[in-house]
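So this block is input-v1.cif, mmCIF, C-alpha atoms:
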data_model
#
loop_
_atom_site.label_atom_id
_atom_site.label_comp_id
_atom_site.auth_asym_id
_atom_site.auth_seq_id
_atom_site.Cartn_x
_atom_site.Cartn_y
_atom_site.Cartn_z
CA MET A 1 128.05 76.29 32.76
CA CYS A 2 125.48 78.21 30.68
CA ILE A 3 122.02 76.72 30.65
CA PRO A 4 121.70 74.95 27.29
CA LEU A 5 118.67 77.00 26.30
CA ILE A 6 120.68 80.20 26.28
CA LYS A 7 124.23 78.91 25.87
CA GLU A 8 124.17 79.79 22.16
CA TYR A 9 123.84 83.45 23.12
CA CYS A 10 127.13 83.52 25.04
CA ALA A 11 129.71 85.73 23.43
CA PRO A 12 132.60 83.70 22.04
CA ASP A 13 135.16 85.83 23.91
CA THR A 14 133.65 85.22 27.41
CA ASN A 15 133.64 82.34 29.84
CA PRO A 16 130.33 80.52 30.07
CA CYS A 17 128.00 81.68 32.82
CA GLU A 18 128.11 79.38 35.80
CA SER A 19 124.40 79.40 36.67
CA TRP A 20 121.30 81.54 36.80
CA GLY A 21 122.38 83.02 40.08
CA GLY A 22 126.11 83.04 39.40
CA ASP A 23 128.43 85.82 38.42
CA VAL A 24 127.15 86.58 34.92
CA LYS A 25 130.05 87.64 32.78
CA CYS A 26 128.17 87.61 29.48
CA TYR A 27 125.85 90.59 29.01
CA ARG A 28 123.94 89.01 26.14
CA CYS A 29 123.37 85.91 28.23
CA LEU A 30 122.24 88.10 31.14
CA ALA A 31 119.68 89.92 29.00
CA VAL A 32 118.16 86.70 27.75
CA ALA A 33 118.09 85.28 31.26
CA ILE A 34 116.13 88.29 32.52
CA LEU A 35 113.59 87.94 29.72
CA LEU A 36 113.14 84.24 30.38
CA SER A 37 112.82 84.67 34.12
CA GLY A 38 110.16 87.35 33.63
CA SER A 39 108.25 85.02 31.37
CA SER A 40 108.51 82.26 33.95
CA ALA A 41 107.23 84.57 36.74
CA ALA A 42 104.26 85.58 34.61
CA SER A 43 103.51 81.93 33.95
CA ASN A 44 103.69 81.12 37.67
CA ALA A 45 101.34 84.03 38.46
CA GLN A 46 98.77 82.61 36.09
CA THR A 47 98.95 79.12 37.58
CA LEU A 48 98.76 79.86 41.30
CA PRO A 49 97.39 77.03 43.43
CA SER A 50 93.73 77.27 44.41
CA TYR A 51 94.47 78.01 48.07
CA MET A 52 96.00 81.33 47.04
CA ALA A 53 92.87 82.46 45.21
CA PRO A 54 91.20 84.23 48.20
CA ILE A 55 94.16 86.53 48.81
CA ALA A 56 95.89 86.78 45.42
CA GLY A 57 95.27 89.63 43.03
CA LYS A 58 96.89 92.52 41.29
CA THR A 59 97.59 95.68 43.23
CA ALA A 60 97.47 99.12 41.75
CA ALA A 61 99.17 102.30 42.94
CA THR A 62 99.81 105.44 40.98
CA PRO A 63 103.21 107.11 41.22
CA ALA A 64 101.52 109.96 43.09
CA ASP A 65 100.05 107.54 45.64
CA THR A 66 103.45 106.00 46.20
CA ALA A 67 105.13 109.41 46.52
CA THR A 68 102.52 110.55 49.06
CA LYS A 69 102.89 107.37 51.08
CA ASP A 70 106.68 107.70 51.10
CA MET A 71 106.45 111.27 52.36
CA LEU A 72 103.93 110.43 55.10
CA ALA A 73 106.21 107.60 56.20
CA LEU A 74 108.70 110.26 57.31
CA ASN A 75 106.31 111.35 60.04
CA THR A 76 105.39 107.87 61.25
CA GLY A 77 109.06 106.92 61.19
CA MET A 78 109.83 109.94 63.33
CA PHE A 79 107.89 108.44 66.23
CA ASP A 80 109.97 105.26 66.10
CA LEU A 81 113.18 107.29 66.13
CA TYR A 82 111.88 109.49 68.92
CA GLY A 83 110.89 106.47 70.98
CA ASP A 84 114.39 105.05 70.76
CA ALA A 85 115.98 108.39 71.59
CA ALA A 86 113.56 109.02 74.46
CA LYS A 87 114.93 106.04 76.36
CA ILE A 88 118.38 107.63 76.26
CA PHE A 89 117.01 111.08 77.09
CA GLN A 90 115.18 109.69 80.13
CA LYS A 91 118.32 107.97 81.38
CA ASN A 92 120.27 111.21 80.96
CA VAL A 93 117.65 113.31 82.78
CA LEU A 94 117.40 110.90 85.73
CA SER A 95 121.19 110.73 86.00
CA LYS A 96 121.42 114.51 86.51
CA HIS A 97 118.14 115.66 88.04
CA PRO A 98 115.96 114.52 90.91
CA VAL A 99 112.36 113.99 89.80
CA ILE A 100 109.18 113.94 91.88
CA LEU A 101 106.06 112.37 90.41
CA ALA A 102 102.75 113.13 92.13
CA LEU A 103 100.15 110.71 90.81
CA PHE A 104 96.43 110.85 91.42
CA SER A 105 94.89 107.82 93.13
CA GLY A 106 91.75 106.93 95.06
CA ALA A 107 93.92 106.66 98.16
CA GLY A 108 94.81 110.35 98.15
CA GLY A 109 97.65 110.21 95.68
CA LYS A 110 101.06 108.63 95.32
CA MET A 111 104.41 110.41 95.28
CA ILE A 112 107.69 108.94 94.06
CA LEU A 113 111.13 110.53 94.39
CA TYR A 114 113.78 109.61 91.81
CA ARG A 115 117.35 110.54 92.77
CA PRO A 116 120.40 110.11 90.54
CA GLY A 117 122.16 106.84 91.30
CA MET A 118 119.53 105.70 93.80
CA ALA A 119 116.48 103.47 93.76
CA PRO A 120 113.13 105.32 93.58
CA THR A 121 111.55 106.21 96.93
CA GLU A 122 107.78 105.91 97.27
CA ALA A 123 106.25 108.06 99.99
CA PRO A 124 104.00 106.59 102.70
CA GLN A 125 100.32 106.48 101.87
CA VAL A 126 97.87 109.14 103.05
CA PRO A 127 96.28 108.00 106.37
CA ILE A 128 93.41 105.58 105.76
CA VAL A 129 90.89 107.95 107.35
CA TYR A 130 91.09 109.97 104.12
CA GLN A 131 89.66 107.02 102.19
CA LEU A 132 87.01 106.39 104.84
CA LEU A 133 85.76 109.97 104.62
CA LYS A 134 85.67 109.84 100.83
CA SER A 135 83.95 106.46 100.80
CA VAL A 136 81.06 107.61 102.96
CA GLY A 137 80.70 110.81 100.97
CA HIS A 138 80.76 108.96 97.66
CA SER A 139 78.19 106.45 98.92
CA THR A 140 75.69 109.26 99.36
CA MET A 141 76.32 110.77 95.94
CA ALA A 142 76.13 107.29 94.40
CA LEU A 143 72.52 107.04 95.53
CA ALA A 144 71.64 109.90 93.23
CA GLU A 145 73.24 107.97 90.35
CA VAL A 146 71.24 104.84 91.21
CA VAL A 147 67.86 106.56 91.36
CA GLY A 148 68.41 109.34 88.84
CA PRO A 149 67.04 107.51 85.76
CA TYR A 150 63.88 106.42 87.62
CA VAL A 151 62.67 109.59 89.32
CA ASP A 152 58.86 109.91 89.30
CA ASN A 153 58.51 106.67 87.31
CA ALA A 154 56.22 104.37 89.29
CA ASP A 155 56.00 101.83 86.45
CA ASP A 156 59.74 100.97 86.46
CA LYS A 157 60.95 99.01 89.49
CA SER A 158 64.26 97.86 88.01
CA TRP A 159 66.18 100.04 90.48
CA ARG A 160 65.03 98.06 93.54
CA GLY A 161 67.58 95.25 93.23
CA ALA A 162 70.56 97.59 93.10
CA MET A 163 69.07 99.71 95.88
CA LEU A 164 68.54 96.77 98.25
CA ALA A 165 72.01 95.38 97.58
CA TYR A 166 73.59 98.76 98.30
CA ARG A 167 71.47 99.15 101.42
CA SER A 168 72.99 95.95 102.80
CA ARG A 169 76.49 97.37 102.29
CA MET A 170 75.43 100.66 103.84
CA GLN A 171 74.19 98.86 106.95
CA SER A 172 77.44 96.88 107.26
CA ALA A 173 79.44 100.12 107.08
CA LEU A 174 77.26 101.68 109.78
CA ASP A 175 77.56 98.62 112.03
CA GLY A 176 81.37 98.74 111.92
CA LEU A 177 81.81 102.51 112.05
CA ASP A 178 82.92 102.60 115.70
CA LEU A 179 85.84 100.27 114.94
CA THR A 180 87.34 102.51 112.27
CA PRO A 181 90.36 104.81 112.90
CA MET A 182 88.54 108.12 113.02
CA GLU A 183 88.24 111.04 115.39
CA PRO A 184 85.04 110.97 117.50
CA ALA A 185 83.55 114.11 115.93
CA TRP A 186 84.27 112.80 112.46
CA ARG A 187 82.74 109.45 113.36
CA ASP A 188 79.54 111.11 114.56
CA ASN A 189 79.25 113.06 111.32
CA ASN A 190 79.67 109.92 109.24
CA ARG A 191 77.15 108.06 111.38
CA THR A 192 74.60 110.74 110.55
CA ILE A 193 75.38 110.50 106.82
CA LEU A 194 75.02 106.70 106.77
CA GLN A 195 71.82 106.76 108.80
CA ASN A 196 70.28 109.38 106.52
CA ASN A 197 71.24 107.27 103.49
CA ILE A 198 69.46 104.23 104.92
CA VAL A 199 66.33 106.20 105.78
CA PHE A 200 66.17 107.55 102.22
CA MET A 201 66.64 104.08 100.71
CA ASP A 202 63.99 102.53 102.93
CA GLU A 203 61.53 105.28 102.05
CA CYS A 204 62.05 104.75 98.32
CA VAL A 205 61.68 100.97 98.60
CA ALA A 206 58.54 101.28 100.74
CA LYS A 207 56.88 103.68 98.29
CA GLY A 208 58.00 101.73 95.23
CA VAL A 209 58.79 105.01 93.54
CA ILE A 210 61.38 107.79 93.80
CA PRO A 211 59.61 111.16 93.95
CA PHE A 212 61.81 114.08 92.93
CA ALA A 213 60.70 116.00 96.01
CA THR A 214 62.06 113.19 98.21
CA LEU A 215 65.37 113.12 96.33
CA GLU A 216 65.72 116.90 96.48
CA ALA A 217 65.04 116.98 100.22
CA PHE A 218 67.58 114.20 100.74
CA GLY A 219 70.27 116.16 98.88
CA LYS A 220 69.71 119.31 100.90
CA LYS A 221 69.66 117.37 104.17
CA GLN A 222 73.00 115.66 103.50
CA ALA A 223 74.86 118.65 102.03
CA PRO A 224 76.23 120.15 105.30
CA PHE A 225 77.44 116.78 106.55
CA LEU A 226 79.10 115.98 103.24
CA ALA A 227 80.84 119.36 103.26
CA LYS A 228 82.46 118.49 106.59
CA ASN A 229 83.79 115.21 105.18
CA VAL A 230 85.24 117.03 102.17
CA ALA A 231 87.01 119.55 104.41
CA TRP A 232 88.44 116.89 106.75
CA ALA A 233 89.62 114.75 103.84
CA ALA A 234 91.38 117.76 102.29
CA GLN A 235 93.09 118.60 105.59
CA THR A 236 94.28 115.02 105.96
CA GLN A 237 95.58 114.80 102.39
CA VAL A 238 97.30 118.19 102.33
CA GLY A 239 98.89 117.79 105.76
CA HIS A 240 100.35 114.44 104.76
CA TRP A 241 101.88 115.60 101.49
CA MET A 242 103.22 118.83 102.94
CA THR A 243 105.12 116.74 105.49
CA VAL A 244 106.47 114.39 102.82
CA LEU A 245 107.67 117.19 100.55
CA ALA A 246 109.24 119.15 103.39
CA ASP A 247 111.28 116.05 104.25
CA TRP A 248 112.31 115.40 100.64
CA LYS A 249 113.32 119.02 100.09
CA ALA A 250 115.54 118.86 103.17
CA GLN A 251 117.13 115.62 101.92
CA LEU A 252 117.86 117.06 98.47
CA GLY A 253 119.39 120.28 99.75
CA ALA A 254 120.95 122.30 96.91
CA ASP A 255 119.75 119.72 94.38
CA TRP A 256 116.21 120.95 94.94
CA ASP A 257 116.86 123.83 92.54
CA LYS A 258 117.36 121.39 89.67
CA THR A 259 114.54 119.02 90.63
CA TYR A 260 111.66 118.40 88.24
CA GLY A 261 108.14 117.83 89.52
CA ALA A 262 105.09 116.59 87.62
CA SER A 263 101.51 115.76 88.50
CA ASN A 264 98.73 114.29 86.37
CA THR A 265 95.16 115.48 86.05
CA ILE A 266 91.94 114.98 84.14
CA TYR A 267 89.56 117.82 83.39
CA VAL A 268 87.44 117.55 86.52
CA ALA A 269 90.53 117.62 88.77
CA ARG A 270 92.38 120.33 86.84
CA GLN A 271 91.16 123.35 88.75
CA ASN A 272 92.76 123.61 92.20
CA ASN A 273 94.55 120.29 91.64
CA VAL A 274 95.52 119.22 95.15
CA LEU A 275 98.82 117.46 94.43
CA PHE A 276 100.06 120.09 91.99
CA SER A 277 99.08 122.89 94.36
CA VAL A 278 101.00 121.27 97.22
CA LEU A 279 104.06 120.81 94.98
CA ALA A 280 103.85 124.48 93.99
CA GLN A 281 104.25 125.58 97.62
CA PHE A 282 107.72 124.04 97.65
CA PHE A 283 108.82 124.66 94.05
CA GLY A 284 107.73 128.31 94.05
CA PRO A 285 106.24 130.53 91.33
CA ASP A 286 109.29 130.57 89.03
CA ALA A 287 109.22 126.79 88.64
CA ILE A 288 105.66 126.60 87.33
CA ASN A 289 105.59 125.42 83.70
CA ASP A 290 109.39 125.18 83.84
CA ARG A 291 110.48 122.53 86.35
CA LEU A 292 106.97 121.95 87.73
CA LEU A 293 104.46 120.58 85.23
CA LEU A 294 100.80 119.61 85.23
CA ILE A 295 100.31 116.84 82.68
CA GLU A 296 96.76 116.31 81.48
CA THR A 297 95.46 112.81 80.82
CA VAL A 298 92.15 111.17 79.91
CA SER A 299 91.89 108.94 82.97
CA PHE A 300 92.10 109.46 86.72
CA THR A 301 95.19 107.29 87.07
CA THR A 302 98.35 106.79 85.03
CA THR A 303 101.54 104.81 85.53
CA PRO A 304 104.86 106.23 86.71
CA ALA A 305 106.43 104.96 83.47
CA ASP A 306 103.93 106.94 81.36
CA MET A 307 104.49 110.05 83.47
CA LEU A 308 108.26 109.78 83.11
CA GLU A 309 107.85 109.34 79.37
CA SER A 310 105.70 112.48 79.15
CA LEU A 311 108.12 114.48 81.29
CA THR A 312 111.08 113.30 79.21
CA ARG A 313 109.35 114.25 75.97
CA ILE A 314 108.64 117.77 77.23
CA ILE A 315 112.24 118.30 78.33
CA ALA A 316 113.67 116.84 75.11
CA ASP A 317 111.35 118.90 72.91
CA ARG A 318 112.54 122.05 74.64
CA SER A 319 116.07 121.44 73.46
CA VAL A 320 114.82 120.84 69.93
CA GLY A 321 112.78 124.05 70.04
CA SER A 322 115.82 126.00 71.15
CA LEU A 323 117.94 124.41 68.42
CA PHE A 324 115.58 125.29 65.56
CA PHE A 325 113.68 128.34 66.80
CA GLY A 326 115.90 129.85 69.48
CA ASN A 327 113.36 129.52 72.30
CA TYR A 328 113.64 126.88 75.02
CA HIS A 329 109.93 126.76 75.91
CA LEU A 330 108.36 127.23 72.47
CA MET A 331 107.58 123.53 72.01
CA ASP A 332 105.68 123.36 75.31
CA TYR A 333 102.87 124.74 73.15
CA GLU A 334 101.11 123.68 69.95
CA LEU A 335 103.77 124.44 67.35
CA MET A 336 101.28 125.78 64.80
CA GLY A 337 99.22 127.57 67.44
CA GLY A 338 100.53 131.06 66.73
CA ASP A 339 100.06 130.79 62.97
CA ALA A 340 96.69 129.15 63.58
CA ARG A 341 95.60 132.23 65.54
CA VAL A 342 96.43 134.39 62.51
CA ALA A 343 94.59 131.97 60.23
CA ILE A 344 91.54 131.91 62.52
CA ALA A 345 91.42 135.71 62.59
CA ALA A 346 91.63 135.78 58.80
CA GLU A 347 88.91 133.14 58.37
CA THR A 348 86.51 134.73 60.85
CA GLY A 349 87.05 138.06 59.12
CA LYS A 350 86.08 136.53 55.77
CA ARG A 351 82.88 135.21 57.33
CA GLY A 352 81.95 138.43 59.11
CA MET A 353 82.48 136.81 62.51
CA THR A 354 84.02 138.32 65.63
CA THR A 355 87.29 136.59 66.44
CA PHE A 356 87.18 134.98 69.89
CA LEU A 357 90.60 133.93 71.20
CA PRO A 358 92.41 134.06 74.55
CA PRO A 359 95.11 136.68 75.13
CA VAL A 360 98.53 135.96 73.68
CA VAL A 361 100.92 134.80 76.40
CA PRO A 362 104.70 134.45 76.06
CA PHE A 363 106.40 131.08 75.82
CA GLY A 364 107.63 130.13 79.28
CA SER A 365 104.75 131.82 81.09
CA LYS A 366 104.78 131.13 84.84
CA GLN A 367 101.03 131.43 85.31
CA TRP A 368 99.12 128.57 86.90
CA PRO A 369 98.09 125.91 84.37
CA THR A 370 94.50 126.20 85.61
CA LEU A 371 91.72 128.77 85.42
CA ILE A 372 92.98 131.96 87.02
CA THR A 373 90.63 134.70 85.76
CA PRO A 374 88.42 135.94 88.64
CA GLY A 375 84.74 136.47 88.12
CA PRO A 376 81.32 136.38 89.77
CA GLY A 377 79.67 133.25 91.13
CA PRO A 378 80.52 130.59 93.72
CA ALA A 379 84.02 129.09 93.62
CA SER A 380 83.83 126.64 96.53
CA ILE A 381 81.35 124.44 98.35
CA ALA A 382 81.06 127.09 101.05
CA ASP A 383 80.27 129.75 98.42
CA SER A 384 77.52 127.65 96.91
CA ARG A 385 75.47 127.28 100.09
#

Spit out the file's structure as structure tokens when you get a sec.
Amino acid sequence: MCIPLIKEYCAPDTNPCESWGGDVKCYRCLAVAILLSGSSAASNAQTLPSYMAPIAGKTAATPADTATKDMLALNTGMFDLYGDAAKIFQKNVLSKHPVILALFSGAGGKMILYRPGMAPTEAPQVPIVYQLLKSVGHSTMALAEVVGPYVDNADDKSWRGAMLAYRSRMQSALDGLDLTPMEPAWRDNNRTILQNNIVFMDECVAKGVIPFATLEAFGKKQAPFLAKNVAWAAQTQVGHWMTVLADWKAQLGADWDKTYGASNTIYVARQNNVLFSVLAQFFGPDAINDRLLLIETVSFTTTPADMLESLTRIIADRSVGSLFFGNYHLMDYELMGGDARVAIAAETGKRGMTTFLPPVVPFGSKQWPTLITPGPGPASIADSR
């Protein structure tokens, strides 16, 4: 039935409205109901309970603000849609293509082989001697970090606690050196490094100060021994992964030609990246930046799931680039990069500046994703001696 307050407004040729929320058949009754409900809402807004006071209040947004927000929402919404689609894309890629992930780790790396219809295979770890060589080498370089802020500062003794604690660990490592799995010549080299470290630490503690001359002499004394550790660690790491990849390539047979490979890197490990360089020996030049990718990150380590997500996004974006722009590799690069180059040249011209940009390279370039321009100066530890 119509609410008594507005029943008088019902048209005589219509059935009474059943309720406020019912099927309103009387347009005059509906209009009055809307007016009354608006009045009631305004009344409620003015009589909010006290506990709502801290958060209640009128909001204001111009039509232009709303329009801008609605348009920007298209971009943020795109990422949600892409995330959902990426799960399907990844499933499709892994169902058709083998994938090898080569992940950086403190243990010399980790490699995982994904094969369609099979559980992932994780390769054996690099022999432990690799980590032993790195650990001794890093211990020496860590000393420079410990004493660096206190060089030639006799008034500050705050470094002594850390130095003495690290000396205890250094001595323990030296005491157990003969029990470690290491070739005799390598063991002798590491014994020398550890002994030199301890002598340097004892000298600093005894003097109560870290003279720069002492630190400099220590660095020069240790350099040739450290260089040997670096070389032996590299030989161990490379030999291991070459063996793993040779085995996997034999297992995959003809499927190798449709296999994707990806390795991660941060800036410091980008040039001559060990894992990527080993992968390249088996994938060959034509696969670089096509089926073999170097994915840059901001940390030394990343998860296999994150790497697969990045690889999937690159592959999926290539199809989109081909669909819209007719080039399969265009979206491997900053989409606005080419037009930005033109804009930069125009802006530097306006300012009387000389435009400084790298050479234009074609989409799908097979060049190494590292520094490749030769020049003067040392390029290895051996060169720098």

| request: Name the residues captured by the PyMOL selection byres ((chain A and resi 93) around 10) when it is applied to the shown file; answer as an NGL selection string. | output: :A and (88-92 or 94-99 or 116 or 260 or 311-312 or 315-316)

| said: I'd like to see the residues matched by the PyMOL selection byres ((chain A and resi 219-233) around 8) on this file, and ideally I'd get them as a PyMOL selection string. | reply: chain A and resi 129-131+133-134+137+186+189-190+192-193+196+215-218+234-237+381

With C-alpha atoms retained, export the selected residues as a PDB file, keeping the file's coordinate frame.
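Generated file (selection.pdb):
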ATOM      1  CA  VAL A 129      90.890 107.950 107.350  1.00  0.00           C
ATOM      2  CA  TYR A 130      91.090 109.970 104.120  1.00  0.00           C
ATOM      3  CA  GLN A 131      89.660 107.020 102.190  1.00  0.00           C
ATOM      4  CA  LEU A 133      85.760 109.970 104.620  1.00  0.00           C
ATOM      5  CA  LYS A 134      85.670 109.840 100.830  1.00  0.00           C
ATOM      6  CA  GLY A 137      80.700 110.810 100.970  1.00  0.00           C
ATOM      7  CA  TRP A 186      84.270 112.800 112.460  1.00  0.00           C
ATOM      8  CA  ASN A 189      79.250 113.060 111.320  1.00  0.00           C
ATOM      9  CA  ASN A 190      79.670 109.920 109.240  1.00  0.00           C
ATOM     10  CA  THR A 192      74.600 110.740 110.550  1.00  0.00           C
ATOM     11  CA  ILE A 193      75.380 110.500 106.820  1.00  0.00           C
ATOM     12  CA  ASN A 196      70.280 109.380 106.520  1.00  0.00           C
ATOM     13  CA  LEU A 215      65.370 113.120  96.330  1.00  0.00           C
ATOM     14  CA  GLU A 216      65.720 116.900  96.480  1.00  0.00           C
ATOM     15  CA  ALA A 217      65.040 116.980 100.220  1.00  0.00           C
ATOM     16  CA  PHE A 218      67.580 114.200 100.740  1.00  0.00           C
ATOM     17  CA  ALA A 234      91.380 117.760 102.290  1.00  0.00           C
ATOM     18  CA  GLN A 235      93.090 118.600 105.590  1.00  0.00           C
ATOM     19  CA  THR A 236      94.280 115.020 105.960  1.00  0.00           C
ATOM     20  CA  GLN A 237      95.580 114.800 102.390  1.00  0.00           C
ATOM     21  CA  ILE A 381      81.350 124.440  98.350  1.00  0.00           C
TER      22      ILE A 381
END

| request: Using all atoms listed in the file, find the one residue out of A:Leu335, A:Ile100, A:Ala379, A:Val151 that sits nearest to Thr121 in chain A. | output: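 Result for the nearest residue to Thr121 in chain A: A:Ile100.
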
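Using all atoms listed in the file, the smallest distance between any of A:Glu296, A:Asp317, A:Asp152, A:Glu122 and Gly208 in chain A comes from A:Asp152.
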
| query | So, counting only C-alpha atoms, which residue among A:Ala123, A:Val136, A:Ala86, A:Ala102 is closest to Val278 in chain A? | reply |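 Of all the options, A:Ala102 lies closest to Val278 in chain A.
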
| query | Which is closer to Ile295 in chain A than all the others in A:Ile55, A:Ile314, A:Met331, A:Ala61, using all atoms listed in the file? | reply |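 Residue with the minimum atom-to-atom distance to Ile295 in chain A: A:Ile314.
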
| task | Could you tell me which residues the PyMOL selection byres ((chain A and resi 366-371) around 10) returns for this structure, as a ChimeraX atom specification? | result | /A:267,269-273,276-277,280,285-290,292-295,361-365,372-374

| query | Any idea what's packed within 12 Å of Gly338 in chain A, counting only C-alpha atoms, ignoring anything in its chain fewer than 4 positions away? Could you give it as a list of chain:residue names? | reply |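 Returned residues: A:Leu330, A:Met331, A:Tyr333, A:Glu334, A:Val342, A:Ala343, A:Ile344, A:Ala345, A:Leu357, A:Pro358, A:Pro359, A:Val360, A:Val361, A:Pro362, A:Phe363.
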
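Proximity to Gly161 in chain A was assessed for A:Arg385, A:Met242, A:Val147, A:Tyr328 counting all atoms listed in the file; the smallest distance is recorded for A:Val147.
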